[in-house]
Structure formats: C-alpha cells, structure tokens
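What follows is target09.cif (mmCIF, C-alpha atoms and all ligand atoms).
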```
data_data
#
loop_
_atom_site.label_atom_id
_atom_site.label_comp_id
_atom_site.auth_asym_id
_atom_site.auth_seq_id
_atom_site.Cartn_x
_atom_site.Cartn_y
_atom_site.Cartn_z
CA MET A 510 152.22 144.74 246.33
CA LYS A 511 149.89 142.87 243.98
CA TYR A 512 150.99 140.69 241.07
CA VAL A 513 149.39 138.97 238.10
CA ASP A 514 150.97 135.76 236.85
CA SER A 515 150.36 136.09 233.10
CA HIS A 516 151.40 132.54 232.27
CA ALA A 517 151.54 129.41 234.45
CA HIS A 518 150.92 125.66 234.19
CA TYR A 519 149.10 124.42 237.27
CA ILE A 520 147.50 121.30 235.81
CA GLY A 521 149.63 118.23 236.22
CA ARG A 522 151.36 115.98 238.67
CA ARG A 523 153.81 118.45 240.08
CA PHE A 524 150.99 120.39 241.75
CA ASP A 525 148.56 117.58 242.50
CA LYS A 526 149.62 117.12 246.12
CA ASP A 527 149.47 120.68 247.37
CA ARG A 528 147.72 122.82 244.74
CA HIS A 529 144.89 123.75 247.09
CA LYS A 530 147.22 124.76 249.88
CA LEU A 531 149.34 126.82 247.46
CA PHE A 532 146.25 128.54 246.07
CA THR A 533 144.90 129.25 249.54
CA ASP A 534 148.12 131.12 250.34
CA MET A 535 148.33 133.00 247.04
CA HIS A 536 146.79 136.23 248.31
CA LYS A 537 149.25 136.32 251.21
CA ASN A 538 151.99 136.28 248.59
CA GLY A 539 150.38 139.21 246.79
CA VAL A 540 149.15 137.16 243.83
CA LYS A 541 145.99 138.81 242.53
CA TYR A 542 145.28 136.74 239.40
CA ILE A 543 146.77 133.72 237.63
CA ILE A 544 146.34 132.97 233.95
CA ASN A 545 146.62 129.20 233.70
CA SER A 546 147.83 128.01 230.33
CA THR A 547 145.66 125.01 229.46
CA SER A 548 146.74 122.57 226.77
CA THR A 549 144.29 120.68 224.60
CA LEU A 550 144.54 117.60 226.83
CA GLU A 551 143.82 119.61 229.97
CA LEU A 552 140.67 121.46 228.93
CA ASN A 553 138.37 119.85 231.50
CA GLU A 554 140.79 120.26 234.38
CA GLY A 555 141.48 123.85 233.34
CA VAL A 556 137.79 124.75 233.29
CA GLN A 557 137.29 123.11 236.69
CA LEU A 558 140.25 124.98 238.17
CA ALA A 559 138.93 128.35 237.02
CA LYS A 560 135.50 127.45 238.37
CA LYS A 561 136.88 126.55 241.79
CA TYR A 562 139.14 129.59 242.25
CA ASP A 563 137.86 133.08 241.46
CA PHE A 564 141.33 134.46 240.84
CA VAL A 565 142.26 131.80 238.24
CA TYR A 566 141.66 132.60 234.57
CA LEU A 567 142.55 130.50 231.52
CA SER A 568 144.28 130.63 228.23
CA LEU A 569 143.90 127.65 225.95
CA GLY A 570 145.88 126.35 223.04
CA ASP A 571 148.13 123.66 221.67
CA GLY A 572 151.80 124.11 222.45
CA CYS A 573 153.97 123.38 219.43
CA ALA A 574 155.92 120.57 221.08
CA TYR A 575 152.94 118.22 221.08
CA THR A 576 151.96 118.81 217.49
CA CYS A 577 155.17 117.28 216.24
CA GLY A 578 155.23 113.98 218.10
CA PRO A 579 154.18 110.68 216.53
CA GLU A 580 150.77 111.10 218.14
CA GLY A 581 150.36 114.73 217.14
CA ASP A 582 146.72 114.37 216.12
CA LYS A 583 145.87 113.36 219.67
CA TYR A 584 146.75 116.92 220.65
CA ILE A 585 145.41 118.95 217.77
CA SER A 586 142.96 118.29 214.96
CA ASP A 587 140.05 120.06 213.27
CA GLU A 588 137.72 118.60 215.85
CA ILE A 589 139.85 119.67 218.83
CA LEU A 590 140.23 123.16 217.40
CA ASP A 591 136.45 123.49 216.88
CA ASN A 592 135.87 122.34 220.42
CA MET A 593 138.29 124.97 221.76
CA ILE A 594 136.63 127.72 219.73
CA HIS A 595 133.26 126.68 221.07
CA LEU A 596 134.58 126.66 224.66
CA ALA A 597 136.34 130.02 224.29
CA LYS A 598 133.11 131.60 223.07
CA ARG A 599 131.00 130.53 226.02
CA ASN A 600 133.41 130.46 228.98
CA LYS A 601 134.06 133.98 230.28
CA LYS A 602 137.16 132.92 232.21
CA ILE A 603 139.03 132.11 229.02
CA VAL A 604 140.93 135.35 228.45
CA ALA A 605 143.62 134.47 225.89
CA TRP A 606 144.57 131.94 223.22
CA GLY A 607 147.79 130.03 223.75
CA GLU A 608 150.43 129.26 224.30
CA ASN A 609 151.08 128.48 220.68
CA GLY A 610 153.92 129.23 218.34
CA ILE A 611 157.09 127.60 217.07
CA GLY A 612 159.95 125.86 218.84
CA LEU A 613 163.06 124.57 217.10
CA ASN A 614 165.07 123.57 220.12
CA ARG A 615 164.82 119.79 219.55
CA LEU A 616 165.32 117.58 216.52
CA GLU A 617 161.73 116.30 216.39
CA LEU A 618 160.55 119.91 216.43
CA VAL A 619 162.78 120.78 213.49
CA ASN A 620 161.47 117.74 211.63
CA GLY A 621 157.91 118.74 212.38
CA LEU A 622 158.32 122.37 211.37
CA GLN A 623 155.73 122.39 208.57
CA ASN A 624 153.17 120.89 210.89
CA GLN A 625 154.00 123.45 213.55
CA ILE A 626 153.56 126.31 211.11
CA TYR A 627 150.25 124.91 209.90
CA TRP A 628 148.71 124.62 213.37
CA PHE A 629 150.22 127.90 214.56
CA LYS A 630 148.48 129.73 211.72
CA ARG A 631 145.22 127.87 212.26
CA GLN A 632 145.28 128.86 215.93
CA LEU A 633 145.99 132.50 215.11
CA GLU A 634 142.88 132.42 212.93
CA ALA A 635 140.92 130.83 215.77
CA ALA A 636 142.06 133.56 218.20
CA LYS A 637 140.94 136.16 215.68
CA GLN A 638 137.58 134.46 215.37
CA VAL A 639 136.92 134.49 219.12
CA GLY A 640 138.51 137.92 219.68
CA LEU A 641 141.15 136.89 222.20
CA PRO A 642 144.75 138.10 222.48
CA VAL A 643 147.41 135.44 221.84
CA ILE A 644 150.15 134.04 224.07
CA ILE A 645 153.11 133.28 221.84
CA HIS A 646 155.78 130.63 222.37
CA SER A 647 158.94 131.23 220.37
CA ARG A 648 162.05 129.17 220.93
CA ASP A 649 165.04 129.36 218.57
CA ALA A 650 162.62 130.60 215.90
CA CYS A 651 162.40 134.32 216.51
CA GLN A 652 162.47 135.67 212.95
CA LEU A 653 160.07 133.01 211.67
CA VAL A 654 157.54 133.66 214.45
CA PHE A 655 157.86 137.41 213.92
CA ASP A 656 157.18 137.04 210.19
CA ILE A 657 154.16 134.78 210.73
CA LEU A 658 152.68 137.24 213.23
CA LYS A 659 153.34 140.14 210.90
CA ASP A 660 151.43 138.34 208.13
CA ALA A 661 148.61 137.34 210.47
CA ARG A 662 147.62 140.98 211.18
CA LEU A 663 145.79 140.14 214.36
CA PRO A 664 143.41 142.75 215.74
CA ASP A 665 144.20 144.73 218.87
CA CYS A 666 142.07 143.24 221.64
CA GLY A 667 142.02 146.39 223.80
CA TYR A 668 145.55 146.40 225.17
CA GLY A 669 147.61 144.65 222.53
CA LYS A 670 147.38 141.81 220.02
CA GLY A 671 149.27 139.33 222.12
CA MET A 672 152.19 138.69 224.42
CA LEU A 673 155.55 137.06 223.80
CA HIS A 674 155.76 134.60 226.64
CA CYS A 675 159.13 133.98 228.37
CA PHE A 676 160.67 136.46 225.99
CA ASN A 677 164.38 135.76 225.59
CA SER A 678 165.67 137.21 222.33
CA SER A 679 167.23 140.56 221.49
CA ALA A 680 166.15 143.95 222.78
CA GLN A 681 165.70 145.07 219.18
CA MET A 682 163.31 142.20 218.49
CA ALA A 683 161.35 143.15 221.63
CA LEU A 684 161.05 146.72 220.40
CA ASP A 685 159.92 145.50 216.97
CA TYR A 686 157.21 143.45 218.64
CA VAL A 687 156.11 146.40 220.75
CA LYS A 688 155.87 148.48 217.61
CA MET A 689 153.70 145.80 216.02
CA GLY A 690 151.31 145.87 219.02
CA TYR A 691 152.58 143.08 221.25
CA LEU A 692 153.57 142.97 224.92
CA ILE A 693 156.75 141.42 226.27
CA SER A 694 156.41 138.98 229.15
CA ILE A 695 159.34 138.60 231.53
CA SER A 696 159.95 135.35 233.40
CA GLY A 697 162.47 134.12 235.97
CA ILE A 698 165.08 133.94 233.18
CA VAL A 699 165.76 137.62 233.90
CA THR A 700 167.26 136.67 237.27
CA TYR A 701 169.85 134.28 235.78
CA PRO A 702 173.41 135.53 235.34
CA SER A 703 173.31 134.39 231.69
CA ALA A 704 170.41 136.70 230.82
CA LYS A 705 172.48 139.61 229.47
CA HIS A 706 170.28 140.51 226.50
CA LEU A 707 167.12 140.14 228.55
CA VAL A 708 168.49 142.78 230.93
CA GLU A 709 168.95 145.00 227.87
CA THR A 710 165.37 144.26 226.81
CA VAL A 711 163.98 145.19 230.22
CA LYS A 712 165.95 148.43 230.12
CA LYS A 713 164.60 149.42 226.72
CA VAL A 714 160.99 148.25 226.70
CA PRO A 715 158.67 150.79 228.39
CA LEU A 716 157.04 149.62 231.61
CA GLU A 717 153.56 149.88 230.08
CA LYS A 718 154.50 147.16 227.57
CA LEU A 719 155.77 144.60 230.12
CA LEU A 720 154.01 141.67 231.74
CA ILE A 721 155.40 139.19 234.26
CA GLU A 722 154.95 135.43 234.44
CA THR A 723 156.37 132.41 236.23
CA ASP A 724 155.77 129.72 233.54
CA CYS A 725 155.65 127.52 236.64
CA PRO A 726 156.51 124.76 237.45
CA TYR A 727 159.45 125.74 235.21
CA LEU A 728 162.01 128.57 235.27
CA THR A 729 162.28 129.15 239.00
CA PRO A 730 163.86 132.57 239.61
CA GLU A 731 167.00 133.07 241.66
CA PRO A 732 167.72 133.02 244.59
CA HIS A 733 165.88 129.67 244.46
CA GLY A 734 167.47 126.75 242.69
CA ARG A 735 166.51 126.54 239.03
CA LYS A 736 165.38 122.95 239.45
CA ASP A 737 163.04 123.74 242.36
CA ARG A 738 159.39 123.75 241.47
CA ASN A 739 158.30 127.28 240.61
CA HIS A 740 154.97 128.88 241.65
CA SER A 741 153.29 132.28 241.40
CA GLY A 742 154.48 133.30 244.89
CA ASN A 743 157.91 133.77 243.29
CA LEU A 744 156.77 136.67 241.07
CA LYS A 745 158.26 139.12 243.55
CA PHE A 746 161.79 138.06 242.58
CA ILE A 747 161.06 138.91 238.94
CA VAL A 748 159.55 142.25 239.96
CA ASP A 749 162.57 143.06 242.15
CA LYS A 750 164.94 142.31 239.28
CA ILE A 751 163.00 144.45 236.79
CA ALA A 752 162.97 147.28 239.36
CA GLU A 753 166.72 146.97 239.86
CA ILE A 754 167.39 147.03 236.10
CA LYS A 755 165.11 150.02 235.49
CA GLY A 756 166.24 151.82 238.66
CA ILE A 757 162.68 152.30 239.94
CA PRO A 758 160.84 151.05 243.07
CA PRO A 759 159.45 147.49 242.93
CA GLU A 760 156.01 148.89 243.85
CA LYS A 761 155.95 150.76 240.58
CA VAL A 762 156.78 147.61 238.59
CA ALA A 763 154.14 145.57 240.41
CA GLU A 764 151.51 148.25 239.95
CA ALA A 765 152.23 148.74 236.23
CA THR A 766 152.47 145.05 235.29
CA THR A 767 149.27 144.29 237.24
CA SER A 768 147.41 147.08 235.50
CA ASN A 769 148.84 146.05 232.09
CA ALA A 770 147.76 142.44 232.66
CA MET A 771 144.23 143.38 233.71
CA SER A 772 143.82 145.52 230.61
CA PHE A 773 145.44 142.94 228.35
CA PHE A 774 143.34 140.02 229.61
CA ASN A 775 140.30 142.27 229.96
CA ILE A 776 139.77 141.38 233.61
CA LYS A 777 137.40 143.89 235.26
ZN ZN B 1 154.47 127.83 229.24
#
```
Since I need it in another form, could you write the structure as structure tokens?
Amino acid sequence: MKYVDSHAHYIGRRFDKDRHKLFTDMHKNGVKYIINSTSTLELNEGVQLAKKYDFVYLSLGDGCAYTCGPEGDKYISDEILDNMIHLAKRNKKIVAWGENGIGLNRLELVNGLQNQIYWFKRQLEAAKQVGLPVIIHSRDACQLVFDILKDARLPDCGYGKGMLHCFNSSAQMALDYVKMGYLISISGIVTYPSAKHLVETVKKVPLEKLLIETDCPYLTPEPHGRKDRNHSGNLKFIVDKIAEIKGIPPEKVAEATTSNAMSFFNIK
C-alpha cells in the first residue's frame, strides 16, 4: 500500500536527531509523498528539505497561533507575506498554502481574534494570487472559518479549493465543506475512543473527498501512545481505521486517498 501524508511538521528539534534515518525508511513504510507544512520562520529549512528529498513537497503559511503572540509581527507582516508569494511562484515543490486559519482554544488566541481574521483573509488572497489550494486550520472556530471561506470564494485548483486539516467537527459541517469544494483531511484523532463524531464524518464523506495526514510530531494514532512522537510511517493506522468504519479494504482507502492527494496537490 502507498500513502501520502497531506500534512506534517518535520522541521524542528523533535526530528533533528534522526530525520534522515526516518526519511530513508519512509518508502519501506509505504509513504509515497509528504507535504511538509512550513511556517514563516522555517522557510529556508523547508526549501532545503524539499530539495534534499524528492518525495517531500511543501505548503507554506503562517499558523494562527503565532500571529497573536506579543511578537506577532516577527511571524507575519506585509514583507513576510510578499516574500512567501514570491517563493511560492518560483518554487515548484510548493504545492499548497497553509496551514492558516483560526484557533480559539487559548485565551491569547481569543484576544487576538481580529488579528487572526485579518491575516487569515490576507493569506487566502495570497493563495488565490499564486493559484494554490489552501490547508485550513480550524480549532473551536468552525462556523467563523466556514463563513470566511464562503466569502473568500477561492477558485478550484483542479481537485478542490482546499483541505480542512485535522478535521474534527460535525459530519454535517464536513458535508457542507465538501459541497463548497473542500476536502476533509483525517488525522490520528479518528483512532481515539473520544472521536465519535469523526467516525460519523468518515462514514458520511465519500472516499473521493478524503485525505489522510499525521500532523506529526503531534496526534500519534492508537495503538501508540498519544504522547509518542508521530511520523508518517503511522499513516497505516489511520487508513485501517477509515477502512474499518467504511467497511471496505484498507487497500482501497490507501489507493483513493493517495490518488486524491496527488490530484489535490497537483503532483504528477
Ligand atoms: Zn499542523
């Protein structure tokens, strides 16, 4: 079976010691491509990573959490945004914009909401300008994010306007997103006993609208411990769970999500 990890974070300390060894073994674990989500402070490392490994592609964007801190303008500004647009236009391995969106799961995020909305919208415009699909982060803000995306009227980039990363709200919301032209990305959360509505979502969303992701180093799927460091080799546990929920063979899930991802990210 072959898998595509539609969203991962491989830059950073938690992978510094053994990233090369992990990446050397990726094909043995069936991992065909990885889309590394690259924040504004990681642009150089992200570009280098994609240069070094053929199977690594990039998305780039400013996650909402950074925008709100006291040093928010270190993470996003007009200048940084222009630089990202420039990079996205000339680097063929940049295949999506994001993650970006809104999170309201901490007090400083709630306090910084207006700032989050401002930079979210600016980045949606940037994605439109460079013609890339978006990777959307939405945490405790599902109606707000939905409304902003509805207003943004992003173009379809070939296989959808964007993906809802680590989707974890209602099945109805997932279906509304699908109707609007978005894909739903399923993470290790689906393997947790608490993920009742995500199970419902997986049941109802057609296979051709699903992607899979690890969001590693976070969200390690069961049977591993949730606090263990996650990596793309664990995608098979997500695939197995989706197969179990849908009552179809895992091969079919792997094949469909791989083909969806290649179309969505326009990887030939
Ligand atoms: Zn992420």
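With distances restricted to all atoms listed in the file, A:Pro726 is the closest residue to ligand ZN 1 (chain B) from A:Gly669, A:Pro726, A:Gly621, A:Gly690.
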Would you give me, as a Markdown table, each residue of region 635-712 of chain A having an atom within 8 Å of an atom of region 749-768 of chain A, along with its shortest atom pair and that distance in Å to one decimal, using all atoms listed in the file and sorting by chain and residue number?
```
| residue | atom | partner | partner_atom | distance |
| --- | --- | --- | --- | --- |
| A:Val699 | CA | A:Lys750 | CA | 7.2 |
| A:Thr700 | CA | A:Lys750 | CA | 6.4 |
| A:Val708 | CA | A:Ile754 | CA | 6.8 |
| A:Val711 | CA | A:Ile751 | CA | 6.7 |
| A:Lys712 | CA | A:Lys755 | CA | 5.7 |
```
Practice problem: For ligand ZN 1 (chain B), list the contacting residues at 8 Å or closer, counting all atoms listed in the file, as a list in words. | Solution: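 Final answer, ordered by chain and number: His516, Ala517, His518, Ser546, Glu608, His646, His674, Cys675, Asp724 and Cys725 of chain A.
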Practice prompt. Could you check how far CA of Tyr584 (chain A) sits from CA of Arg528 (chain A), in Å to one decimal?
Written response: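 Those two atoms sit 24.8 Å apart.
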May I have the residues within 10 Å of Asp587 (chain A) as a PyMOL selection string, using only C-alpha atoms and disregarding those fewer than 4 positions away in the same chain?
chain A and resi 582+591-593+628+631
Give me, as JSON lines, each residue of region 619-703 of chain A that comes within 7 Å of region 717-722 of chain A, together with its shortest interatomic pair and the distance in Å at one decimal, counting only C-alpha atoms, with rows ordered by chain and rising residue number.
```
{"residue": "A:Leu692", "atom": "CA", "partner": "A:Lys718", "partner_atom": "CA", "distance": 5.0}
{"residue": "A:Ile693", "atom": "CA", "partner": "A:Leu719", "partner_atom": "CA", "distance": 5.1}
{"residue": "A:Ser694", "atom": "CA", "partner": "A:Leu720", "partner_atom": "CA", "distance": 4.4}
{"residue": "A:Ile695", "atom": "CA", "partner": "A:Ile721", "partner_atom": "CA", "distance": 4.8}
{"residue": "A:Ser696", "atom": "CA", "partner": "A:Glu722", "partner_atom": "CA", "distance": 5.1}
```
Residues of region 557-625 of chain A within 12 Å of region 511-515 of chain A: nearest atom pair and distance (Å, one decimal) for each, counting only C-alpha atoms, sorted by chain and number, as a tab-separated table?
```
residue	atom	partner	partner_atom	distance
A:Phe564	CA	A:Val513	CA	9.6
A:Val565	CA	A:Asp514	CA	9.7
A:Tyr566	CA	A:Ser515	CA	9.5
A:Leu567	CA	A:Ser515	CA	9.7
A:Ser568	CA	A:Ser515	CA	9.5
A:Val604	CA	A:Ser515	CA	10.5
A:Ala605	CA	A:Ser515	CA	10.0
A:Gly607	CA	A:Ser515	CA	11.4
A:Glu608	CA	A:Ser515	CA	11.1
```
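With all atoms listed in the file as the atoms that count, the minimum distance from Asp525 (chain A) to the choices A:Ile611, A:Leu558, A:Ala661, A:Val639 is reached by A:Leu558.
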Polymer residues at most 9 Å from Thr549 (chain A), only C-alpha atoms, same-chain spacing of 5 or more positions, as number ranges by chain = A: 569-572, 583-585, 589-590, 593
From the list A:Lys688, A:Ala650, A:Arg523, A:Ile644, the nearest residue to Arg615 (chain A) using all atoms listed in the file is A:Ala650
